[in-house]
$ cat query_17.pdb   # PDB, C-alpha atoms, pLDDT in the B column
ATOM      1  CA  MET A 166      17.321  -6.768   1.198  1.00 33.00           C
ATOM      2  CA  CYS A 167      13.977  -8.154   2.109  1.00 39.00           C
ATOM      3  CA  THR A 168      14.064 -11.610   3.604  1.00 38.00           C
ATOM      4  CA  VAL A 169      12.276 -14.119   1.433  1.00 38.00           C
ATOM      5  CA  GLY A 170      11.088 -17.507   2.540  1.00 37.00           C
ATOM      6  CA  GLY A 171      12.147 -17.201   6.161  1.00 38.00           C
ATOM      7  CA  PRO A 172       9.710 -17.886   8.977  1.00 38.00           C
ATOM      8  CA  PHE A 173      10.745 -14.916  11.116  1.00 39.00           C
ATOM      9  CA  GLY A 174       9.424 -11.406  11.150  1.00 39.00           C
ATOM     10  CA  ASN A 175       5.779 -12.223  10.574  1.00 43.00           C
ATOM     11  CA  GLU A 176       4.530 -13.069  14.054  1.00 42.00           C
ATOM     12  CA  ASP A 177       3.804  -9.574  15.349  1.00 50.00           C
ATOM     13  CA  ILE A 178       1.811  -8.414  12.339  1.00 52.00           C
ATOM     14  CA  LYS A 179      -1.847  -7.803  13.096  1.00 59.00           C
ATOM     15  CA  ARG A 180      -4.007 -10.198  11.119  1.00 71.00           C
ATOM     16  CA  LEU A 181      -6.465  -8.862   8.581  1.00 77.00           C
ATOM     17  CA  GLU A 182      -9.981  -9.369   9.963  1.00 85.00           C
ATOM     18  CA  PRO A 183     -12.607  -8.579   7.342  1.00 90.00           C
ATOM     19  CA  GLN A 184     -16.287  -8.237   8.197  1.00 93.00           C
ATOM     20  CA  HIS A 185     -18.967 -10.220   6.381  1.00 95.00           C
ATOM     21  CA  TYR A 186     -21.599  -8.198   4.519  1.00 96.00           C
ATOM     22  CA  ALA A 187     -24.719  -8.803   2.453  1.00 96.00           C
ATOM     23  CA  CYS A 188     -26.021  -6.369  -0.148  1.00 96.00           C
ATOM     24  CA  ASN A 189     -29.660  -5.379   0.338  1.00 96.00           C
ATOM     25  CA  GLU A 190     -29.986  -4.458  -3.349  1.00 96.00           C
ATOM     26  CA  CYS A 191     -28.621  -7.477  -5.221  1.00 96.00           C
ATOM     27  CA  GLY A 192     -28.172 -10.040  -2.457  1.00 95.00           C
ATOM     28  CA  SER A 193     -24.426 -10.494  -2.936  1.00 95.00           C
ATOM     29  CA  LYS A 194     -22.373 -11.535   0.054  1.00 95.00           C
ATOM     30  CA  PHE A 195     -18.832 -10.303   0.444  1.00 96.00           C
ATOM     31  CA  LYS A 196     -16.012  -9.660   2.882  1.00 94.00           C
ATOM     32  CA  GLY A 197     -14.883  -6.100   3.477  1.00 94.00           C
ATOM     33  CA  ILE A 198     -12.582  -3.854   5.486  1.00 92.00           C
ATOM     34  CA  GLY A 199     -12.507  -0.107   6.001  1.00 89.00           C
ATOM     35  CA  LYS A 200     -15.214   2.481   6.540  1.00 87.00           C
ATOM     36  CA  ASN A 201     -18.368   2.421   4.426  1.00 87.00           C
ATOM     37  CA  PRO A 202     -17.682  -0.486   2.062  1.00 92.00           C
ATOM     38  CA  MET A 203     -19.863  -0.810  -1.031  1.00 93.00           C
ATOM     39  CA  CYS A 204     -21.230  -3.905  -2.728  1.00 95.00           C
ATOM     40  CA  PRO A 205     -18.578  -5.049  -5.251  1.00 93.00           C
ATOM     41  CA  SER A 206     -21.287  -6.339  -7.606  1.00 94.00           C
ATOM     42  CA  CYS A 207     -23.727  -3.418  -7.857  1.00 95.00           C
ATOM     43  CA  GLN A 208     -21.851  -0.634  -5.972  1.00 92.00           C
ATOM     44  CA  SER A 209     -24.783  -0.165  -3.617  1.00 95.00           C
ATOM     45  CA  GLU A 210     -24.057   1.312  -0.215  1.00 93.00           C
ATOM     46  CA  ASP A 211     -27.199  -0.368   1.151  1.00 95.00           C
ATOM     47  CA  ILE A 212     -25.481  -3.276   2.857  1.00 95.00           C
ATOM     48  CA  THR A 213     -25.892  -5.175   6.126  1.00 95.00           C
ATOM     49  CA  GLU A 214     -23.109  -6.454   8.318  1.00 94.00           C
ATOM     50  CA  LEU A 215     -23.568 -10.153   9.011  1.00 93.00           C
ATOM     51  CA  GLU A 216     -22.751 -12.125  12.121  1.00 81.00           C
ATOM     52  CA  ASP A 217     -19.622 -14.303  11.740  1.00 67.00           C
TER      53      ASP A 217
ATOM     54  CA  MET B 233       9.984  21.545  -0.206  1.00 47.00           C
ATOM     55  CA  ASP B 234       9.632  22.307  -3.895  1.00 48.00           C
ATOM     56  CA  ASN B 235       9.648  19.698  -6.614  1.00 48.00           C
ATOM     57  CA  GLY B 236      13.376  19.013  -6.247  1.00 61.00           C
ATOM     58  CA  SER B 237      14.790  16.370  -3.945  1.00 70.00           C
ATOM     59  CA  THR B 238      15.398  16.966  -0.245  1.00 70.00           C
ATOM     60  CA  ARG B 239      17.392  14.943   2.254  1.00 66.00           C
ATOM     61  CA  VAL B 240      15.702  14.512   5.635  1.00 63.00           C
ATOM     62  CA  GLY B 241      16.850  12.930   8.892  1.00 59.00           C
ATOM     63  CA  SER B 242      14.927  10.749  11.313  1.00 61.00           C
ATOM     64  CA  MET B 243      12.522  13.404  12.591  1.00 74.00           C
ATOM     65  CA  GLU B 244       8.879  13.529  11.582  1.00 85.00           C
ATOM     66  CA  LYS B 245       8.427  15.147   8.199  1.00 89.00           C
ATOM     67  CA  HIS B 246       5.151  16.598   6.883  1.00 92.00           C
ATOM     68  CA  VAL B 247       5.169  16.587   3.065  1.00 94.00           C
ATOM     69  CA  PRO B 248       2.334  18.185   1.032  1.00 96.00           C
ATOM     70  CA  LEU B 249       0.956  15.841  -1.636  1.00 97.00           C
ATOM     71  CA  ASP B 250      -1.812  16.513  -4.162  1.00 96.00           C
ATOM     72  CA  THR B 251      -3.762  13.815  -5.994  1.00 95.00           C
ATOM     73  CA  ASP B 252      -1.853  14.526  -9.212  1.00 96.00           C
ATOM     74  CA  GLU B 253       1.558  14.138  -7.571  1.00 97.00           C
ATOM     75  CA  ILE B 254       3.795  11.260  -6.520  1.00 98.00           C
ATOM     76  CA  LEU B 255       6.233  11.293  -3.642  1.00 97.00           C
ATOM     77  CA  PHE B 256       9.425   9.274  -4.023  1.00 97.00           C
ATOM     78  CA  ILE B 257      11.330   8.264  -0.908  1.00 96.00           C
ATOM     79  CA  ARG B 258      14.790   6.921  -1.662  1.00 94.00           C
ATOM     80  CA  SER B 259      17.543   5.100   0.157  1.00 92.00           C
ATOM     81  CA  THR B 260      20.718   3.697  -1.355  1.00 90.00           C
ATOM     82  CA  ASP B 261      19.113   0.275  -1.815  1.00 91.00           C
ATOM     83  CA  GLY B 262      15.537   1.063  -2.786  1.00 93.00           C
ATOM     84  CA  VAL B 263      12.773   3.509  -3.534  1.00 95.00           C
ATOM     85  CA  ILE B 264       9.170   3.924  -2.402  1.00 96.00           C
ATOM     86  CA  GLY B 265       6.453   5.768  -4.311  1.00 97.00           C
ATOM     87  CA  VAL B 266       3.389   7.273  -2.610  1.00 97.00           C
ATOM     88  CA  VAL B 267       0.231   8.676  -4.203  1.00 97.00           C
ATOM     89  CA  LYS B 268      -3.160   9.672  -2.837  1.00 97.00           C
ATOM     90  CA  SER B 269      -6.068   7.321  -3.531  1.00 95.00           C
ATOM     91  CA  GLY B 270      -7.945  10.188  -5.142  1.00 91.00           C
ATOM     92  CA  CYS B 271     -11.364   9.234  -6.454  1.00 90.00           C
ATOM     93  CA  VAL B 272     -10.894   5.490  -5.935  1.00 90.00           C
ATOM     94  CA  GLN B 273     -13.469   4.329  -3.399  1.00 91.00           C
ATOM     95  CA  GLN B 274     -12.654   0.645  -3.127  1.00 93.00           C
ATOM     96  CA  LEU B 275      -9.996  -1.878  -4.051  1.00 92.00           C
ATOM     97  CA  PHE B 276      -9.903  -5.644  -4.022  1.00 92.00           C
ATOM     98  CA  ILE B 277      -7.444  -7.705  -2.013  1.00 90.00           C
ATOM     99  CA  GLU B 278      -7.177 -11.164  -3.547  1.00 90.00           C
ATOM    100  CA  THR B 279      -5.769 -13.972  -1.439  1.00 87.00           C
ATOM    101  CA  PHE B 280      -5.681 -17.698  -2.170  1.00 85.00           C
ATOM    102  CA  GLU B 281      -8.842 -18.189  -0.068  1.00 86.00           C
ATOM    103  CA  ASP B 282     -10.720 -14.902  -0.254  1.00 87.00           C
ATOM    104  CA  GLU B 283     -11.624 -11.752  -2.054  1.00 92.00           C
ATOM    105  CA  ILE B 284     -11.799  -8.808   0.347  1.00 92.00           C
ATOM    106  CA  VAL B 285     -13.285  -5.442  -0.579  1.00 94.00           C
ATOM    107  CA  MET B 286     -11.268  -2.606   0.930  1.00 93.00           C
ATOM    108  CA  ALA B 287     -13.107   0.691   1.283  1.00 94.00           C
ATOM    109  CA  ILE B 288     -10.780   3.663   1.017  1.00 93.00           C
ATOM    110  CA  SER B 289     -11.075   7.434   1.136  1.00 93.00           C
ATOM    111  CA  ALA B 290      -9.499  10.135  -1.018  1.00 92.00           C
ATOM    112  CA  GLU B 291      -6.765  10.952   1.492  1.00 95.00           C
ATOM    113  CA  ASP B 292      -5.673   7.310   1.884  1.00 95.00           C
ATOM    114  CA  LEU B 293      -2.339   6.366   0.397  1.00 96.00           C
ATOM    115  CA  LEU B 294      -1.231   3.936  -2.282  1.00 95.00           C
ATOM    116  CA  VAL B 295       2.341   2.949  -1.539  1.00 95.00           C
ATOM    117  CA  ALA B 296       4.645   0.927  -3.794  1.00 95.00           C
ATOM    118  CA  SER B 297       8.062  -0.313  -2.778  1.00 94.00           C
ATOM    119  CA  GLY B 298      10.930  -1.246  -5.090  1.00 94.00           C
ATOM    120  CA  PHE B 299      14.135  -3.051  -4.253  1.00 92.00           C
ATOM    121  CA  SER B 300      16.641  -0.999  -6.220  1.00 93.00           C
ATOM    122  CA  ASN B 301      17.134   2.742  -6.465  1.00 93.00           C
ATOM    123  CA  ASP B 302      17.366   3.148 -10.222  1.00 95.00           C
ATOM    124  CA  GLY B 303      15.379   4.450 -13.176  1.00 96.00           C
ATOM    125  CA  ILE B 304      13.795   1.126 -14.116  1.00 96.00           C
ATOM    126  CA  THR B 305      12.498   0.547 -10.592  1.00 95.00           C
ATOM    127  CA  THR B 306      11.208   4.117 -10.388  1.00 96.00           C
ATOM    128  CA  LYS B 307       9.323   3.610 -13.658  1.00 96.00           C
ATOM    129  CA  ALA B 308       7.961   0.267 -12.405  1.00 95.00           C
ATOM    130  CA  ILE B 309       6.659   1.962  -9.253  1.00 95.00           C
ATOM    131  CA  VAL B 310       4.817   4.587 -11.310  1.00 96.00           C
ATOM    132  CA  CYS B 311       3.312   1.818 -13.481  1.00 95.00           C
ATOM    133  CA  THR B 312       2.295  -0.244 -10.434  1.00 94.00           C
ATOM    134  CA  LEU B 313       0.555   2.705  -8.774  1.00 95.00           C
ATOM    135  CA  SER B 314      -1.180   3.599 -12.042  1.00 95.00           C
ATOM    136  CA  LEU B 315      -2.359  -0.006 -12.444  1.00 94.00           C
ATOM    137  CA  ILE B 316      -3.897   0.080  -8.989  1.00 94.00           C
ATOM    138  CA  ARG B 317      -5.320   3.620  -8.926  1.00 94.00           C
ATOM    139  CA  ASP B 318      -6.177   4.306 -12.562  1.00 93.00           C
ATOM    140  CA  ALA B 319      -6.867   0.823 -13.953  1.00 93.00           C
ATOM    141  CA  GLY B 320      -8.416  -0.678 -10.804  1.00 92.00           C
ATOM    142  CA  SER B 321      -6.022  -3.614 -10.670  1.00 92.00           C
ATOM    143  CA  PRO B 322      -6.519  -5.723  -7.526  1.00 92.00           C
ATOM    144  CA  LEU B 323      -3.876  -6.292  -4.875  1.00 90.00           C
ATOM    145  CA  ILE B 324      -2.828  -9.929  -5.250  1.00 90.00           C
ATOM    146  CA  VAL B 325      -1.464 -11.703  -2.175  1.00 88.00           C
ATOM    147  CA  LEU B 326       0.753 -14.734  -2.690  1.00 87.00           C
ATOM    148  CA  PRO B 327       0.578 -17.766  -0.394  1.00 86.00           C
ATOM    149  CA  LYS B 328       3.470 -18.042   2.071  1.00 84.00           C
ATOM    150  CA  ASP B 329       6.642 -19.506   0.540  1.00 84.00           C
ATOM    151  CA  HIS B 330       5.389 -19.093  -3.013  1.00 87.00           C
ATOM    152  CA  PRO B 331       8.372 -19.040  -5.423  1.00 88.00           C
ATOM    153  CA  ALA B 332       7.096 -15.870  -7.110  1.00 87.00           C
ATOM    154  CA  SER B 333       7.830 -13.940  -3.908  1.00 85.00           C
ATOM    155  CA  SER B 334      11.544 -13.867  -4.697  1.00 86.00           C
ATOM    156  CA  ARG B 335      10.845 -12.584  -8.217  1.00 89.00           C
ATOM    157  CA  LEU B 336       8.793  -9.551  -7.224  1.00 89.00           C
ATOM    158  CA  ARG B 337      10.521  -6.260  -7.963  1.00 91.00           C
ATOM    159  CA  VAL B 338       7.741  -4.004  -6.689  1.00 92.00           C
ATOM    160  CA  VAL B 339       5.148  -4.602  -3.958  1.00 92.00           C
ATOM    161  CA  ALA B 340       2.276  -2.352  -2.887  1.00 92.00           C
ATOM    162  CA  SER B 341      -0.089  -1.536  -0.055  1.00 91.00           C
ATOM    163  CA  VAL B 342      -3.082   0.763   0.419  1.00 92.00           C
ATOM    164  CA  GLY B 343      -4.397   2.516   3.487  1.00 91.00           C
ATOM    165  CA  LYS B 344      -4.082   5.323   6.007  1.00 94.00           C
ATOM    166  CA  ARG B 345      -0.791   4.073   7.429  1.00 93.00           C
ATOM    167  CA  THR B 346       1.982   1.772   6.273  1.00 93.00           C
ATOM    168  CA  VAL B 347       5.169   0.712   8.035  1.00 92.00           C
ATOM    169  CA  VAL B 348       8.051  -0.469   5.870  1.00 92.00           C
ATOM    170  CA  ARG B 349       9.575  -3.759   7.006  1.00 88.00           C
ATOM    171  CA  CYS B 350      12.605  -5.487   5.526  1.00 85.00           C
ATOM    172  CA  ASP B 351      12.123  -8.710   7.483  1.00 81.00           C
ATOM    173  CA  ILE B 352       8.888  -9.972   5.937  1.00 80.00           C
ATOM    174  CA  GLU B 353       8.190 -12.095   2.901  1.00 78.00           C
ATOM    175  CA  LYS B 354       7.510 -10.079  -0.248  1.00 79.00           C
ATOM    176  CA  GLY B 355       3.971 -10.100  -1.578  1.00 79.00           C
ATOM    177  CA  THR B 356       2.512 -12.504   0.971  1.00 78.00           C
ATOM    178  CA  HIS B 357       0.840 -10.148   3.458  1.00 77.00           C
ATOM    179  CA  PRO B 358      -2.804  -9.226   3.001  1.00 77.00           C
ATOM    180  CA  GLU B 359      -2.462  -6.749   5.884  1.00 77.00           C
ATOM    181  CA  GLN B 360      -2.167  -3.304   4.362  1.00 76.00           C
ATOM    182  CA  ASP B 361      -0.421  -1.603   7.283  1.00 86.00           C
ATOM    183  CA  VAL B 362       2.908  -3.289   6.580  1.00 84.00           C
ATOM    184  CA  LEU B 363       4.890  -3.242   3.369  1.00 89.00           C
ATOM    185  CA  CYS B 364       8.012  -5.133   2.476  1.00 89.00           C
ATOM    186  CA  GLY B 365      10.782  -2.717   1.600  1.00 89.00           C
ATOM    187  CA  PRO B 366      14.534  -2.277   1.313  1.00 89.00           C
ATOM    188  CA  ALA B 367      16.682  -2.392   4.434  1.00 89.00           C
ATOM    189  CA  GLY B 368      17.555   1.279   4.032  1.00 90.00           C
ATOM    190  CA  LEU B 369      13.905   2.229   4.569  1.00 92.00           C
ATOM    191  CA  ASN B 370      13.138  -0.313   7.310  1.00 91.00           C
ATOM    192  CA  GLY B 371      10.917   1.123  10.042  1.00 91.00           C
ATOM    193  CA  LEU B 372       9.761   4.098   8.011  1.00 93.00           C
ATOM    194  CA  GLU B 373       6.153   4.949   8.875  1.00 94.00           C
ATOM    195  CA  ILE B 374       4.092   6.542   6.110  1.00 95.00           C
ATOM    196  CA  VAL B 375       0.850   8.133   7.309  1.00 96.00           C
ATOM    197  CA  ALA B 376      -1.928   9.877   5.409  1.00 96.00           C
ATOM    198  CA  ALA B 377      -2.823  13.438   6.371  1.00 96.00           C
ATOM    199  CA  LYS B 378      -5.129  15.968   4.748  1.00 96.00           C
ATOM    200  CA  GLY B 379      -3.380  17.078   1.555  1.00 96.00           C
ATOM    201  CA  ALA B 380      -0.129  15.602   2.773  1.00 97.00           C
ATOM    202  CA  VAL B 381       1.935  12.625   3.877  1.00 96.00           C
ATOM    203  CA  VAL B 382       3.640  12.318   7.252  1.00 95.00           C
ATOM    204  CA  LEU B 383       6.933  10.402   7.359  1.00 94.00           C
ATOM    205  CA  ARG B 384       8.259   9.115  10.688  1.00 92.00           C
ATOM    206  CA  GLY B 385      11.519   7.296  11.260  1.00 87.00           C
ATOM    207  CA  GLY B 386      13.986   6.320   8.597  1.00 75.00           C
ATOM    208  CA  ASN B 387      17.457   7.759   8.360  1.00 73.00           C
ATOM    209  CA  SER B 388      18.871  10.063   5.735  1.00 75.00           C
ATOM    210  CA  LEU B 389      15.967   9.770   3.315  1.00 84.00           C
ATOM    211  CA  ILE B 390      15.950  11.512  -0.021  1.00 91.00           C
ATOM    212  CA  ILE B 391      12.443  12.647  -0.912  1.00 93.00           C
ATOM    213  CA  GLU B 392      11.147  14.043  -4.201  1.00 96.00           C
ATOM    214  CA  ARG B 393       7.704  15.297  -5.179  1.00 96.00           C
ATOM    215  CA  LYS B 394       6.882  14.904  -8.876  1.00 97.00           C
ATOM    216  CA  PRO B 395       3.820  15.088 -11.138  1.00 97.00           C
ATOM    217  CA  PHE B 396       2.046  11.714 -11.334  1.00 94.00           C
ATOM    218  CA  ARG B 397       1.147  10.912 -14.912  1.00 79.00           C
TER     219      ARG B 397
END
$ encode --input "query_17.pdb" --output "structure tokens"
Amino acid sequence: MCTVGGPFGNEDIKRLEPQHYACNECGSKFKGIGKNPMCPSCQSEDITELED
Amino acid sequence: MDNGSTRVGSMEKHVPLDTDEILFIRSTDGVIGVVKSGCVQQLFIETFEDEIVMAISAEDLLVASGFSNDGITTKAIVCTLSLIRDAGSPLIVLPKDHPASSRLRVVASVGKRTVVRCDIEKGTHPEQDVLCGPAGLNGLEIVAAKGAVVLRGGNSLIIERKPFR
């Protein structure tokens, strides 16, 4: 069975590293991963990747 | 393979999968369900600190893992995948050591590739390329391909392709 609560087994997993984005349509800021994310508020694809 | 079940060894297996089908991968101690993302373009990953928008494509996979190989778990996997794909339910990530982790009967991940691990804490990993699963499916790699799923590793798997509804 799956180990629950133990500290081992997690160290070699690559951390999730989302990019920061701003929507050029509605101004929302959000974090995203994957190719071609859309604004979660207005579904616009007109977004800009922000510096961390 | 037709819609019946097939037993496969540890070699790479290429299994056709349409968007209206589900692939079940079974071991003696658990079952995994796999469907295509289909028309879903994005999902939300909710952690204690953040909401992350995950952009996905039609060939990406939604994978749900259950910790018994029985009818109730199989039904729960179908419901979980329907909640995510059809109802747009977000993927909720528990904080480490949260007591709910031990109560989870099904966990899920989304992406182009998932590796099943039996040595991680259920429901606490925002990373979508690993998925907690039963020991009998540990190390199984599930990879999206055009109109198909590629399975690598895993011993003596029983796989079934069924309509997803």
$ axis_aligned_box --input "query_17.pdb" --around "segment 199-203 of chain A" --padding-each-side "5 Å" --output "JSON"
{"center_x": -16.2, "center_y": 0.8, "center_z": 2.8, "size_x": 17.4, "size_y": 13.3, "size_z": 17.6}
$ residues_around --input "query_17.pdb" --residues "segment 365-376 of chain B" --least-positions-apart "4" --cutoff "6 Å" --atoms "only C-alpha atoms" --output "number ranges by chain"
A: 166-167; B: 259, 262, 292, 297, 299, 344-350, 381-386
$ residues_around --input "query_17.pdb" --residues "Pro183 of chain A" --least-positions-apart "4" --cutoff "8 Å" --atoms "only C-alpha atoms" --output "MDAnalysis selection string"
(chainID A and resid 196:198) or (chainID B and resid 284)
$ atom_distance --input "query_17.pdb" --atom1 "atom CA of Pro322 of chain B" --atom2 "atom CA of Ile288 of chain B"
13.4 Å
$ residues_around --input "query_17.pdb" --residues "segment 266-282 of chain B" --least-positions-apart "6" --cutoff "8 Å" --atoms "all atoms listed in the file" --output "ChimeraX atom specification"
/A:202-203 /B:249-256,288-296,313,317,320-327,358,396
$ closest_residue --input "query_17.pdb" --among "B:Leu336, B:Ile264, B:Ala319, B:Ile304" --to "chain A" --atoms "only C-alpha atoms"
B:Leu336
$ closest_residue --input "query_17.pdb" --among "B:Ser314, B:Ser300, B:Ser341, B:Ser388" --to "chain A" --atoms "all atoms listed in the file"
B:Ser300
$ resolve_selection --input "query_17.pdb" --expression "the PyMOL selection byres ((chain A and resi 204) around 9)" --output "list in words"
Tyr186, Ala187, Cys188, Glu190, Cys191, Ser193, Lys194, Phe195, Pro202, Met203, Pro205, Ser206, Cys207, Gln208, Ser209, Glu210, Asp211 and Ile212 of chain A; Val285 of chain B
$ closest_residue --input "query_17.pdb" --among "B:Gly343, B:Gly303, B:Gly265, B:Pro248" --to "chain A" --atoms "only C-alpha atoms"
B:Gly343
$ atom_distance --input "query_17.pdb" --atom1 "atom CA of Ser334 of chain B" --atom2 "atom CA of Asp351 of chain B"
13.2 Å
$ atom_distance --input "query_17.pdb" --atom1 "atom CA of Leu215 of chain A" --atom2 "atom CA of His185 of chain A"
5.3 Å
$ closest_residue --input "query_17.pdb" --among "A:Gly199, A:Glu214, A:Gly192, A:Glu182" --to "chain B" --atoms "only C-alpha atoms"
A:Gly199
$ residues_around --input "query_17.pdb" --residues "Thr312 of chain B" --least-positions-apart "4" --cutoff "8 Å" --atoms "all atoms listed in the file" --output "JSON, numbers by chain"
{"B": [296, 308, 316, 338, 340]}
$ residues_around --input "query_17.pdb" --residues "Ser333 of chain B" --least-positions-apart "6" --cutoff "10 Å" --atoms "all atoms listed in the file" --output "PyMOL selection string"
(chain A and resi 169-170) or (chain B and resi 325-327+339+353-356)
$ closest_residue --input "query_17.pdb" --among "B:Pro395, B:Asn387, B:Thr306, B:Met286" --to "chain A" --atoms "all atoms listed in the file"
B:Met286
